[in-house]
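Peer 1: Just coords.pdb, nothing more (PDB, C-alpha atoms):
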```pdb
ATOM      1  CA  MET A   1       0.000   0.000   0.000
ATOM      2  CA  PRO A   2       1.475   3.373  -1.009
ATOM      3  CA  SER A   3       2.372   5.884   1.656
ATOM      4  CA  ASP A   4       0.171   8.916   2.226
ATOM      5  CA  SER A   5       2.627  11.261   0.520
ATOM      6  CA  LYS A   6       2.590   9.157  -2.648
ATOM      7  CA  ARG A   7      -1.195   8.846  -2.541
ATOM      8  CA  ASP A   8      -1.626  12.607  -2.317
ATOM      9  CA  ARG A   9       0.379  13.144  -5.471
ATOM     10  CA  LEU A  10      -1.442  13.127  -8.777
ATOM     11  CA  PRO A  11      -0.112  10.929 -11.580
ATOM     12  CA  PHE A  12       3.199  12.165 -12.940
ATOM     13  CA  GLU A  13       3.216  15.133 -10.599
ATOM     14  CA  PRO A  14       6.825  16.089  -9.935
ATOM     15  CA  ARG A  15       8.244  15.404  -6.516
ATOM     16  CA  LYS A  16       8.584  18.526  -4.403
ATOM     17  CA  ASN A  17      12.151  19.640  -3.866
ATOM     18  CA  ASN A  18      13.094  21.780  -0.913
ATOM     19  CA  GLN A  19      15.750  23.571  -2.930
ATOM     20  CA  LYS A  20      15.329  27.268  -3.650
ATOM     21  CA  LYS A  21      14.958  28.187  -7.292
ATOM     22  CA  PRO A  22      17.547  30.603  -8.618
ATOM     23  CA  GLU A  23      16.237  34.041  -9.383
ATOM     24  CA  LYS A  24      15.310  34.542 -12.998
ATOM     25  CA  THR A  25      17.453  36.905 -14.963
ATOM     26  CA  ALA A  26      16.737  38.493 -18.284
ATOM     27  CA  PRO A  27      17.697  36.228 -21.174
ATOM     28  CA  ALA A  28      20.958  37.098 -22.806
ATOM     29  CA  ALA A  29      20.762  38.613 -26.250
ATOM     30  CA  PRO A  30      21.861  36.255 -29.015
ATOM     31  CA  LYS A  31      25.406  36.772 -30.202
ATOM     32  CA  SER A  32      24.539  36.583 -33.866
ATOM     33  CA  LYS A  33      21.426  36.604 -36.020
ATOM     34  CA  THR A  34      22.005  33.026 -37.169
ATOM     35  CA  ALA A  35      22.110  31.703 -33.606
ATOM     36  CA  ALA A  36      18.750  33.282 -32.833
ATOM     37  CA  LYS A  37      17.097  31.743 -35.899
ATOM     38  CA  SER A  38      18.569  28.267 -35.508
ATOM     39  CA  PRO A  39      15.801  25.723 -34.850
ATOM     40  CA  LYS A  40      18.205  23.444 -32.976
ATOM     41  CA  SER A  41      19.078  26.122 -30.458
ATOM     42  CA  SER A  42      15.412  26.784 -29.733
ATOM     43  CA  LEU A  43      14.826  23.047 -29.282
ATOM     44  CA  ARG A  44      17.653  22.870 -26.762
ATOM     45  CA  ARG A  45      16.167  25.749 -24.769
ATOM     46  CA  ASP A  46      12.696  24.183 -24.778
ATOM     47  CA  ARG A  47      13.927  20.860 -23.403
ATOM     48  CA  GLY A  48      14.676  22.500 -20.088
ATOM     49  CA  ASN A  49      11.066  23.726 -19.934
ATOM     50  CA  ALA A  50       9.582  20.325 -20.787
ATOM     51  CA  ASN A  51       6.137  19.577 -19.448
ATOM     52  CA  LEU A  52       6.623  18.128 -15.975
ATOM     53  CA  SER A  53       3.362  16.213 -16.185
ATOM     54  CA  ALA A  54       4.513  14.213 -19.212
ATOM     55  CA  ILE A  55       4.578  10.451 -18.884
ATOM     56  CA  PRO A  56       8.109   9.151 -18.263
ATOM     57  CA  ASP A  57       9.491   6.932 -21.019
ATOM     58  CA  VAL A  58       9.835   3.906 -18.722
ATOM     59  CA  VAL A  59       6.189   4.164 -17.651
ATOM     60  CA  SER A  60       4.877   4.678 -21.194
ATOM     61  CA  LYS A  61       6.708   1.569 -22.418
ATOM     62  CA  ARG A  62       5.304  -0.380 -19.476
ATOM     63  CA  MET A  63       1.799   0.871 -20.337
ATOM     64  CA  GLY A  64       2.261  -0.074 -23.988
ATOM     65  CA  ARG A  65       3.275  -3.634 -23.110
ATOM     66  CA  ARG A  66       0.332  -4.117 -20.757
ATOM     67  CA  MET A  67      -2.146  -2.637 -23.220
ATOM     68  CA  ALA A  68      -0.767  -4.822 -26.013
ATOM     69  CA  ILE A  69      -1.296  -7.920 -23.882
ATOM     70  CA  PHE A  70      -4.687  -7.069 -22.386
ATOM     71  CA  CYS A  71      -6.032  -5.699 -25.674
ATOM     72  CA  GLY A  72      -4.126  -7.809 -28.178
ATOM     73  CA  ILE A  73      -5.095 -11.251 -26.934
ATOM     74  CA  PRO A  74      -8.893 -10.654 -26.893
ATOM     75  CA  SER A  75      -8.718  -8.774 -30.217
ATOM     76  CA  ILE A  76      -6.857 -11.621 -31.898
ATOM     77  CA  MET A  77      -9.368 -14.079 -30.452
ATOM     78  CA  GLY A  78     -12.230 -11.938 -31.764
ATOM     79  CA  MET A  79     -10.835 -11.865 -35.292
ATOM     80  CA  SER A  80      -9.854 -15.526 -35.283
ATOM     81  CA  SER A  81     -13.284 -16.558 -33.972
ATOM     82  CA  LEU A  82     -14.767 -15.425 -37.290
ATOM     83  CA  LEU A  83     -12.332 -17.699 -39.106
ATOM     84  CA  VAL A  84     -13.136 -20.588 -36.769
ATOM     85  CA  PHE A  85     -16.887 -20.146 -37.264
ATOM     86  CA  TYR A  86     -16.352 -19.974 -41.039
ATOM     87  CA  TRP A  87     -14.284 -23.157 -40.968
ATOM     88  CA  LEU A  88     -16.895 -24.935 -38.820
ATOM     89  CA  LYS A  89     -19.660 -23.877 -41.214
ATOM     90  CA  THR A  90     -17.855 -24.781 -44.459
ATOM     91  CA  ASN A  91     -16.763 -28.210 -43.174
ATOM     92  CA  ASN A  92     -20.298 -28.968 -41.935
ATOM     93  CA  ILE A  93     -19.025 -29.681 -38.422
ATOM     94  CA  ILE A  94     -21.632 -27.533 -36.696
ATOM     95  CA  ASP A  95     -24.376 -25.338 -38.062
ATOM     96  CA  LEU A  96     -24.655 -22.151 -36.028
ATOM     97  CA  PRO A  97     -26.646 -19.070 -36.980
ATOM     98  CA  PRO A  98     -24.554 -16.107 -38.146
ATOM     99  CA  TYR A  99     -25.550 -13.940 -35.176
ATOM    100  CA  VAL A 100     -23.696 -16.334 -32.847
ATOM    101  CA  ALA A 101     -20.441 -15.716 -34.717
ATOM    102  CA  LEU A 102     -21.134 -11.987 -34.676
ATOM    103  CA  ALA A 103     -21.914 -11.960 -30.951
ATOM    104  CA  VAL A 104     -18.811 -13.977 -30.031
ATOM    105  CA  SER A 105     -16.477 -11.853 -32.157
ATOM    106  CA  PHE A 106     -18.000  -8.595 -30.850
ATOM    107  CA  GLY A 107     -17.684  -9.934 -27.315
ATOM    108  CA  PHE A 108     -13.974 -10.580 -27.749
ATOM    109  CA  LEU A 109     -13.431  -7.236 -29.459
ATOM    110  CA  GLY A 110     -15.299  -5.521 -26.616
ATOM    111  CA  LEU A 111     -12.971  -7.243 -24.149
ATOM    112  CA  GLY A 112     -10.095  -5.855 -26.195
ATOM    113  CA  VAL A 113     -11.412  -2.303 -25.742
ATOM    114  CA  LEU A 114     -11.755  -2.880 -22.005
ATOM    115  CA  GLY A 115      -8.236  -4.337 -22.056
ATOM    116  CA  LEU A 116      -6.884  -1.014 -23.304
ATOM    117  CA  SER A 117      -8.239   0.776 -20.256
ATOM    118  CA  TYR A 118      -7.228  -1.993 -17.895
ATOM    119  CA  GLY A 119      -3.705  -2.031 -19.323
ATOM    120  CA  LEU A 120      -3.407   1.707 -18.780
ATOM    121  CA  PHE A 121      -4.796   1.797 -15.245
ATOM    122  CA  SER A 122      -3.166  -1.419 -14.003
ATOM    123  CA  THR A 123       0.306  -0.117 -14.803
ATOM    124  CA  CYS A 124       2.403   1.233 -11.951
ATOM    125  CA  TRP A 125       2.751   4.962 -12.631
ATOM    126  CA  ASP A 126       5.855   5.297 -10.450
ATOM    127  CA  ASP A 127       8.921   5.130 -12.646
ATOM    128  CA  ASP A 128      10.938   3.562  -9.801
ATOM    129  CA  ARG A 129       8.629   0.556  -9.313
ATOM    130  CA  ILE A 130       7.515  -2.150 -11.752
ATOM    131  CA  GLY A 131       4.323  -3.233  -9.987
ATOM    132  CA  SER A 132       2.583  -6.589  -9.802
ATOM    133  CA  LEU A 133       1.817  -9.017 -12.619
ATOM    134  CA  LEU A 134      -1.935  -8.391 -12.828
ATOM    135  CA  GLY A 135      -1.832  -4.886 -11.363
ATOM    136  CA  ILE A 136      -4.911  -5.089  -9.129
ATOM    137  CA  ASP A 137      -3.393  -2.815  -6.448
ATOM    138  CA  GLU A 138      -2.127  -0.359  -9.069
ATOM    139  CA  LEU A 139      -5.594  -0.312 -10.655
ATOM    140  CA  LYS A 140      -7.204   0.769  -7.380
ATOM    141  CA  THR A 141      -4.544   3.413  -6.754
ATOM    142  CA  ASN A 142      -4.634   4.829 -10.295
ATOM    143  CA  ILE A 143      -8.438   4.996 -10.450
ATOM    144  CA  GLY A 144      -8.403   6.843  -7.115
ATOM    145  CA  ARG A 145      -5.824   9.286  -8.453
ATOM    146  CA  THR A 146      -7.854   9.845 -11.602
ATOM    147  CA  GLN A 147     -11.036  10.474  -9.636
ATOM    148  CA  ASP A 148      -9.181  12.946  -7.418
ATOM    149  CA  ALA A 149      -7.873  14.757 -10.489
ATOM    150  CA  TRP A 150     -11.388  14.926 -11.987
ATOM    151  CA  ARG A 151     -12.792  16.325  -8.757
ATOM    152  CA  ALA A 152     -10.024  18.916  -8.555
ATOM    153  CA  SER A 153     -10.568  20.002 -12.162
ATOM    154  CA  ARG A 154     -14.333  20.281 -11.634
ATOM    155  CA  GLU A 155     -13.847  22.403  -8.527
ATOM    156  CA  LYS A 156     -11.360  24.572 -10.362
ATOM    157  CA  ALA A 157     -13.782  25.016 -13.275
ATOM    158  CA  LYS A 158     -16.717  26.014 -11.055
ATOM    159  CA  PRO A 159     -17.458  29.741 -11.249
ATOM    160  CA  ASP A 160     -17.257  31.465  -7.873
TER     161      ASP A 160
END
```
Represent the structure from my file as structure tokens, please.
Peer 2:
Amino acid sequence: MPSDSKRDRLPFEPRKNNQKKPEKTAPAAPKSKTAAKSPKSSLRRDRGNANLSAIPDVVSKRMGRRMAIFCGIPSIMGMSSLLVFYWLKTNNIIDLPPYVALAVSFGFLGLGVLGLSYGLFSTCWDDDRIGSLLGIDELKTNIGRTQDAWRASREKAKPD
């Protein structure tokens, strides 16, 4: 179970540092006109101001793997079920109405859509920790964080 300080943080919220920020000074004028227009120099400056709420690379790869598994397996089963029903019908093994094949394939594809969400929310959002295999505890924590973020955004959007 995460500690209270981790639970209070929203997903991908930066950890609070007790260090004082240096005072901002006016930006230095560019030495030449070509340096000011160079797209590479502006990219280098913007990297320091990167969005702190962005998903860390380690976490996004972890999410991608989990979503591929929890979405990919049911989706493949949904598509292959149509082939299986076709094979059963053409070889006169079993005679099922077409709506059964449609319902089964839609059921598997629906599980694939749910698997996308489950893969996202069951991933450990801390870049230091991997999390459990099924991610039940992470799912509870991440849904709680998301609900807290929704509540905070609704309260912020309310007119006073």
Peer 1: Would you kindly identify which residues have an atom no farther than 12 Å from (-10.9, -1.9, -21.6), using all atoms listed in the file and the file's own coordinates, and write them out as a PyMOL selection string?
Peer 2: chain A and resi 66-72+74-75+107-122
Peer 1: Grab the atom CA of Ser132 of chain A to atom CA of Arg145 of chain A distance for me, in Å with one decimal place.
Peer 2: 18.0 Å
Peer 1: Quick one: distance from atom CA of Gln147 of chain A to atom CA of Pro56 of chain A in Å, one decimal?
Peer 2: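 Atom CA of Pro56 of chain A lies at a distance of 21.0 Å from atom CA of Gln147 of chain A.
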Peer 1: Figure out the distance between atom CA of Thr123 of chain A and atom CA of Trp150 of chain A, please, to one decimal in Å.
Peer 2: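 Rounded to one decimal, the two atoms are 19.3 Å apart.
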Peer 1: Find, counting only C-alpha atoms, the residue in A:Ile143, A:Ile55, A:Ala103, A:Ile76 that gets nearest to Asp126 of chain A.
Peer 2: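 Among the listed residues, A:Ile55 lies closest to Asp126 of chain A.
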Peer 1: Measuring atom to atom with only C-alpha atoms, identify which of A:Leu134, A:Ser105, A:Arg65, A:Gly144 is nearest to Leu83 of chain A.
Peer 2: A:Ser105
Peer 1: Residues at most 10 Å from Pro97 of chain A, counting only C-alpha atoms, excluding those fewer than 5 positions away in the same chain, as a list in words?
Peer 2: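 Everything that qualifies: Phe85, Lys89 and Leu102 of chain A.
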Peer 1: Considering all atoms listed in the file, can you say which of A:Asp127, A:Asp137, A:Leu88, A:Lys156 comes closest to Arg62 of chain A?
Peer 2: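 Of A:Asp127, A:Asp137, A:Leu88, A:Lys156, the one nearest Arg62 of chain A is A:Asp127, counting all atoms listed in the file.
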